Amino acid sequence: MKNYLKKHLPYIYNSRYNPGNIEHLEKYIELQVTENVYDCEANLAVLKLYQFNPSHYQTNVTIKILLKAIANLPHPDFSLCKYLIEPDKLREEPLSSVVALGNQLETCDFEEFWQNLASTKSSIPAIGSVMGFTDSVRKFICHVVGISYQKIKTDQLCRILDIKRDQLAVYLEEYGWKLVPDDPSHVFVFNYEETIKTRNISEKIGFPQVKQLAPVLQNAASDCHKRAK
């Protein structure tokens, strides 16, 4: 499938809104799911084709598109995908459960997200088929933590990442976070002191720039002299 798509993708892209390409694009989505690659433009094209050709709509394919978009947070792909799906379909199961998962991540309800994910996996097999999905979600959560916290409770960090305490060291090393030396119940996320270190800034101005400025400076000096009189 991979070689076939590689050969035909240029043609598919040139006529992405041709209904005849729906099957090829759906195969491409399956490849993204199993190979952990991502192509937002192709996925949006499928949703657009479903809008133009309702008889071709497939719920399972749409679910996979939404899951791939969720895995690409904080980019706005999830919202873009929702805009191309009929509201009535978004409110129907199992699509509504997937939308709820994405909304929970966007609103940073991380603990609730993990709880709902655990209960939803059995009813939506596609979730388990998306390679790297939970790793991508944890990467997004770490991004949110990194821009939101200076210090966070260790237990809280484990809960929102849905990991055990002995797994935390991997994330501390990857993101440069550290346990607070005198208080290991907290993780030091953001070192404020390092952001305010003084820096020596040197600017180089060449002779041509000085030559251009000379008339301006001369006129300014002349005006000051006249005012002084």
# chains A, B, ... in the order shown; residues from 1 in each chain; ligands from 1
$ select_by_dssp --residues "stretch 35-222 of chain A" --states "helix (DSSP H, G or I)" --output "PyMOL selection string"
chain A and resi 35+40-52+54-56+59-70+77-83+87-90+95-106+110-120+126-129+133-148+154-161+165-175+192-195+207-222
$ write_last_selection --atoms "C-alpha atoms" --output "compact mmCIF listing (two decimals), in the first residue's frame"
# COMPACT_ATOMS: atom_id res chain seq x y z
CA GLU A 35 2.80 4.23 10.16
CA CYS A 40 -3.56 17.35 7.53
CA GLU A 41 -4.28 18.65 4.02
CA ALA A 42 -5.13 15.21 2.70
CA ASN A 43 -7.38 14.52 5.70
CA LEU A 44 -9.23 17.81 5.30
CA ALA A 45 -9.71 16.97 1.63
CA VAL A 46 -11.45 13.72 2.61
CA LEU A 47 -13.84 15.56 4.94
CA LYS A 48 -14.56 18.07 2.17
CA LEU A 49 -15.27 15.25 -0.25
CA TYR A 50 -17.67 13.74 2.28
CA GLN A 51 -19.48 17.10 2.38
CA PHE A 52 -19.82 17.14 -1.41
CA PRO A 54 -22.63 12.39 1.46
CA SER A 55 -23.16 8.87 0.15
CA HIS A 56 -19.41 8.20 0.51
CA THR A 59 -17.81 7.25 10.29
CA ASN A 60 -14.78 5.06 11.01
CA VAL A 61 -12.56 7.04 8.63
CA THR A 62 -13.78 10.32 10.12
CA ILE A 63 -12.95 9.05 13.61
CA LYS A 64 -9.39 8.29 12.52
CA ILE A 65 -9.05 11.75 10.98
CA LEU A 66 -10.17 13.36 14.25
CA LEU A 67 -7.84 11.17 16.32
CA LYS A 68 -4.87 12.12 14.13
CA ALA A 69 -5.84 15.79 14.49
CA ILE A 70 -6.09 15.42 18.29
CA ASP A 77 -6.26 20.84 13.05
CA PHE A 78 -8.90 19.36 15.37
CA SER A 79 -11.05 22.49 15.13
CA LEU A 80 -10.56 22.66 11.35
CA CYS A 81 -11.76 19.08 11.01
CA LYS A 82 -14.85 19.69 13.15
CA TYR A 83 -15.85 22.63 10.93
CA PRO A 87 -23.15 19.13 13.35
CA ASP A 88 -25.68 16.29 13.48
CA LYS A 89 -22.93 13.75 12.87
CA LEU A 90 -20.72 15.31 15.54
CA LEU A 95 -18.15 10.41 16.87
CA SER A 96 -19.40 12.48 19.80
CA SER A 97 -17.16 10.54 22.22
CA VAL A 98 -14.09 11.29 20.11
CA VAL A 99 -15.05 14.96 19.92
CA ALA A 100 -15.43 14.99 23.71
CA LEU A 101 -11.88 13.64 24.09
CA GLY A 102 -10.51 16.39 21.89
CA ASN A 103 -12.49 19.07 23.71
CA GLN A 104 -11.19 17.85 27.07
CA LEU A 105 -7.61 18.16 25.88
CA GLU A 106 -8.22 21.61 24.43
CA PHE A 110 -6.34 16.08 31.41
CA GLU A 111 -7.37 13.73 34.21
CA GLU A 112 -10.91 13.52 32.88
CA PHE A 113 -9.50 12.88 29.40
CA TRP A 114 -7.57 9.80 30.59
CA GLN A 115 -10.59 8.46 32.44
CA ASN A 116 -12.83 8.85 29.39
CA LEU A 117 -10.17 7.43 27.08
CA ALA A 118 -9.97 4.27 29.17
CA SER A 119 -13.75 3.79 29.05
CA THR A 120 -14.01 4.68 25.35
CA ALA A 126 -9.92 2.88 16.14
CA ILE A 127 -8.40 4.60 19.18
CA GLY A 128 -6.12 1.67 19.83
CA SER A 129 -5.14 1.44 16.17
CA PHE A 133 -1.62 8.39 19.97
CA THR A 134 -1.05 8.41 23.74
CA ASP A 135 2.58 9.45 23.32
CA SER A 136 1.46 12.43 21.24
CA VAL A 137 -1.14 13.37 23.84
CA ARG A 138 1.48 13.27 26.60
CA LYS A 139 3.76 15.42 24.48
CA PHE A 140 0.98 17.99 24.20
CA ILE A 141 0.35 17.88 27.96
CA CYS A 142 4.07 18.43 28.60
CA HIS A 143 3.92 21.42 26.25
CA VAL A 144 1.05 22.89 28.29
CA VAL A 145 2.87 22.23 31.56
CA GLY A 146 6.04 23.83 30.20
CA ILE A 147 4.31 27.11 29.33
CA SER A 148 2.01 27.20 32.36
CA THR A 154 4.99 15.59 41.40
CA ASP A 155 1.81 13.57 42.03
CA GLN A 156 -0.23 16.03 39.99
CA LEU A 157 2.19 15.79 37.06
CA CYS A 158 1.94 11.99 37.15
CA ARG A 159 -1.85 12.16 37.19
CA ILE A 160 -2.22 14.52 34.23
CA LEU A 161 0.29 12.43 32.25
CA ARG A 165 5.98 7.71 39.61
CA ASP A 166 8.78 5.45 38.37
CA GLN A 167 8.04 6.52 34.77
CA LEU A 168 8.48 10.21 35.54
CA ALA A 169 12.28 10.23 35.14
CA VAL A 170 11.91 9.78 31.37
CA TYR A 171 9.93 13.02 31.07
CA LEU A 172 12.17 14.93 33.46
CA GLU A 173 15.17 14.08 31.31
CA GLU A 174 13.44 14.78 28.00
CA TYR A 175 12.16 18.22 29.02
CA TYR A 192 12.91 31.99 35.91
CA GLU A 193 16.43 33.07 36.87
CA GLU A 194 17.88 31.65 33.66
CA THR A 195 15.52 33.80 31.58
CA PHE A 207 30.84 53.15 7.31
CA PRO A 208 28.09 53.22 4.61
CA GLN A 209 25.42 53.35 7.33
CA VAL A 210 27.27 56.12 9.17
CA LYS A 211 27.60 58.05 5.91
CA GLN A 212 23.82 57.86 5.38
CA LEU A 213 23.15 59.10 8.90
CA ALA A 214 25.58 62.03 8.73
CA PRO A 215 23.22 64.50 6.94
CA VAL A 216 20.41 63.68 9.35
CA LEU A 217 22.62 64.26 12.38
CA GLN A 218 23.98 67.48 10.86
CA ASN A 219 20.45 68.86 10.31
CA ALA A 220 19.43 67.88 13.83
CA ALA A 221 22.48 69.66 15.27
CA SER A 222 21.70 72.74 13.18
$ atom_distance --atom1 "atom CA of A:Lys151" --atom2 "atom CA of A:Phe190"
6.8 Å
$ select_by_dssp --residues "stretch 28-205 of chain A" --states "strand (DSSP E)" --output "ChimeraX atom specification"
/A:151-153,178-180,183-188
$ write_last_selection --atoms "all heavy atoms" --output "tab-separated table (two decimals), in the first residue's frame"
chain	number	residue	atom	x	y	z
A	151	LYS	N	6.55	25.58	38.88
A	151	LYS	CA	6.72	24.43	39.76
A	151	LYS	C	5.38	23.72	39.86
A	151	LYS	O	4.35	24.35	39.97
A	151	LYS	CB	7.22	24.88	41.14
A	151	LYS	CG	7.60	23.74	42.06
A	151	LYS	CD	8.36	24.25	43.29
A	151	LYS	CE	7.50	25.11	44.18
A	151	LYS	NZ	8.19	25.48	45.45
A	152	ILE	N	5.41	22.38	39.83
A	152	ILE	CA	4.18	21.61	39.87
A	152	ILE	C	4.36	20.43	40.82
A	152	ILE	O	5.47	19.88	40.95
A	152	ILE	CB	3.78	21.12	38.46
A	152	ILE	CG1	2.42	20.42	38.48
A	152	ILE	CG2	4.85	20.21	37.87
A	152	ILE	CD1	1.89	20.06	37.09
A	153	LYS	N	3.30	20.02	41.48
A	153	LYS	CA	3.37	18.87	42.38
A	153	LYS	C	3.68	17.60	41.58
A	153	LYS	O	3.11	17.38	40.51
A	153	LYS	CB	2.06	18.69	43.14
A	153	LYS	CG	1.80	19.76	44.18
A	153	LYS	CD	0.51	19.48	44.94
A	153	LYS	CE	0.27	20.53	46.02
A	153	LYS	NZ	-0.99	20.28	46.75
A	178	LYS	N	13.34	19.15	36.72
A	178	LYS	CA	14.08	18.57	37.85
A	178	LYS	C	13.20	18.54	39.09
A	178	LYS	O	12.38	19.42	39.32
A	178	LYS	CB	15.35	19.39	38.14
A	178	LYS	CG	16.35	19.40	36.99
A	178	LYS	CD	17.55	20.27	37.34
A	178	LYS	CE	18.53	20.31	36.17
A	178	LYS	NZ	19.70	21.19	36.49
A	179	LEU	N	13.43	17.49	39.91
A	179	LEU	CA	12.79	17.46	41.21
A	179	LEU	C	13.41	18.56	42.07
A	179	LEU	O	14.63	18.76	42.04
A	179	LEU	CB	12.98	16.10	41.88
A	179	LEU	CG	12.25	14.91	41.25
A	179	LEU	CD1	12.69	13.62	41.91
A	179	LEU	CD2	10.74	15.08	41.37
A	180	VAL	N	12.59	19.28	42.80
A	180	VAL	CA	13.11	20.32	43.69
A	180	VAL	C	14.00	19.65	44.74
A	180	VAL	O	13.54	18.73	45.44
A	180	VAL	CB	11.95	21.09	44.36
A	180	VAL	CG1	12.51	22.13	45.33
A	180	VAL	CG2	11.07	21.75	43.31
A	183	ASP	N	12.65	19.45	48.16
A	183	ASP	CA	11.22	19.12	48.20
A	183	ASP	C	10.86	18.25	46.99
A	183	ASP	O	10.27	18.74	46.02
A	183	ASP	CB	10.39	20.40	48.22
A	183	ASP	CG	8.89	20.11	48.35
A	183	ASP	OD1	8.55	18.96	48.67
A	183	ASP	OD2	8.09	21.03	48.12
A	184	PRO	N	11.20	16.95	47.02
A	184	PRO	CA	10.95	16.07	45.86
A	184	PRO	C	9.47	15.85	45.56
A	184	PRO	O	9.14	15.20	44.57
A	184	PRO	CB	11.63	14.76	46.28
A	184	PRO	CG	11.69	14.80	47.76
A	184	PRO	CD	11.86	16.24	48.12
A	185	SER	N	8.60	16.41	46.40
A	185	SER	CA	7.17	16.30	46.10
A	185	SER	C	6.75	17.30	45.03
A	185	SER	O	5.59	17.33	44.62
A	185	SER	CB	6.33	16.52	47.36
A	185	SER	OG	6.49	17.85	47.84
A	186	HIS	N	7.72	18.14	44.58
A	186	HIS	CA	7.46	19.11	43.52
A	186	HIS	C	8.50	18.97	42.41
A	186	HIS	O	9.65	18.58	42.67
A	186	HIS	CB	7.50	20.55	44.06
A	186	HIS	CG	6.29	20.90	44.87
A	186	HIS	ND1	6.13	20.51	46.18
A	186	HIS	CD2	5.17	21.63	44.56
A	186	HIS	CE1	4.99	20.98	46.64
A	186	HIS	NE2	4.38	21.65	45.68
A	187	VAL	N	8.08	19.30	41.21
A	187	VAL	CA	8.98	19.30	40.05
A	187	VAL	C	9.19	20.74	39.61
A	187	VAL	O	8.23	21.50	39.45
A	187	VAL	CB	8.39	18.47	38.88
A	187	VAL	CG1	9.24	18.65	37.62
A	187	VAL	CG2	8.30	17.01	39.26
A	188	PHE	N	10.45	21.08	39.43
A	188	PHE	CA	10.79	22.43	38.97
A	188	PHE	C	10.76	22.42	37.45
A	188	PHE	O	11.56	21.77	36.79
A	188	PHE	CB	12.19	22.80	39.48
A	188	PHE	CG	12.41	24.29	39.58
A	188	PHE	CD1	11.50	25.10	40.24
A	188	PHE	CD2	13.52	24.88	39.01
A	188	PHE	CE1	11.70	26.47	40.34
A	188	PHE	CE2	13.73	26.25	39.09
A	188	PHE	CZ	12.81	27.04	39.77
$ atom_distance --atom1 "atom CA of A:Glu93" --atom2 "atom CA of A:Leu73"
22.6 Å
$ atom_distance --atom1 "atom CA of A:Gln58" --atom2 "atom CA of A:Ser122"
19.6 Å
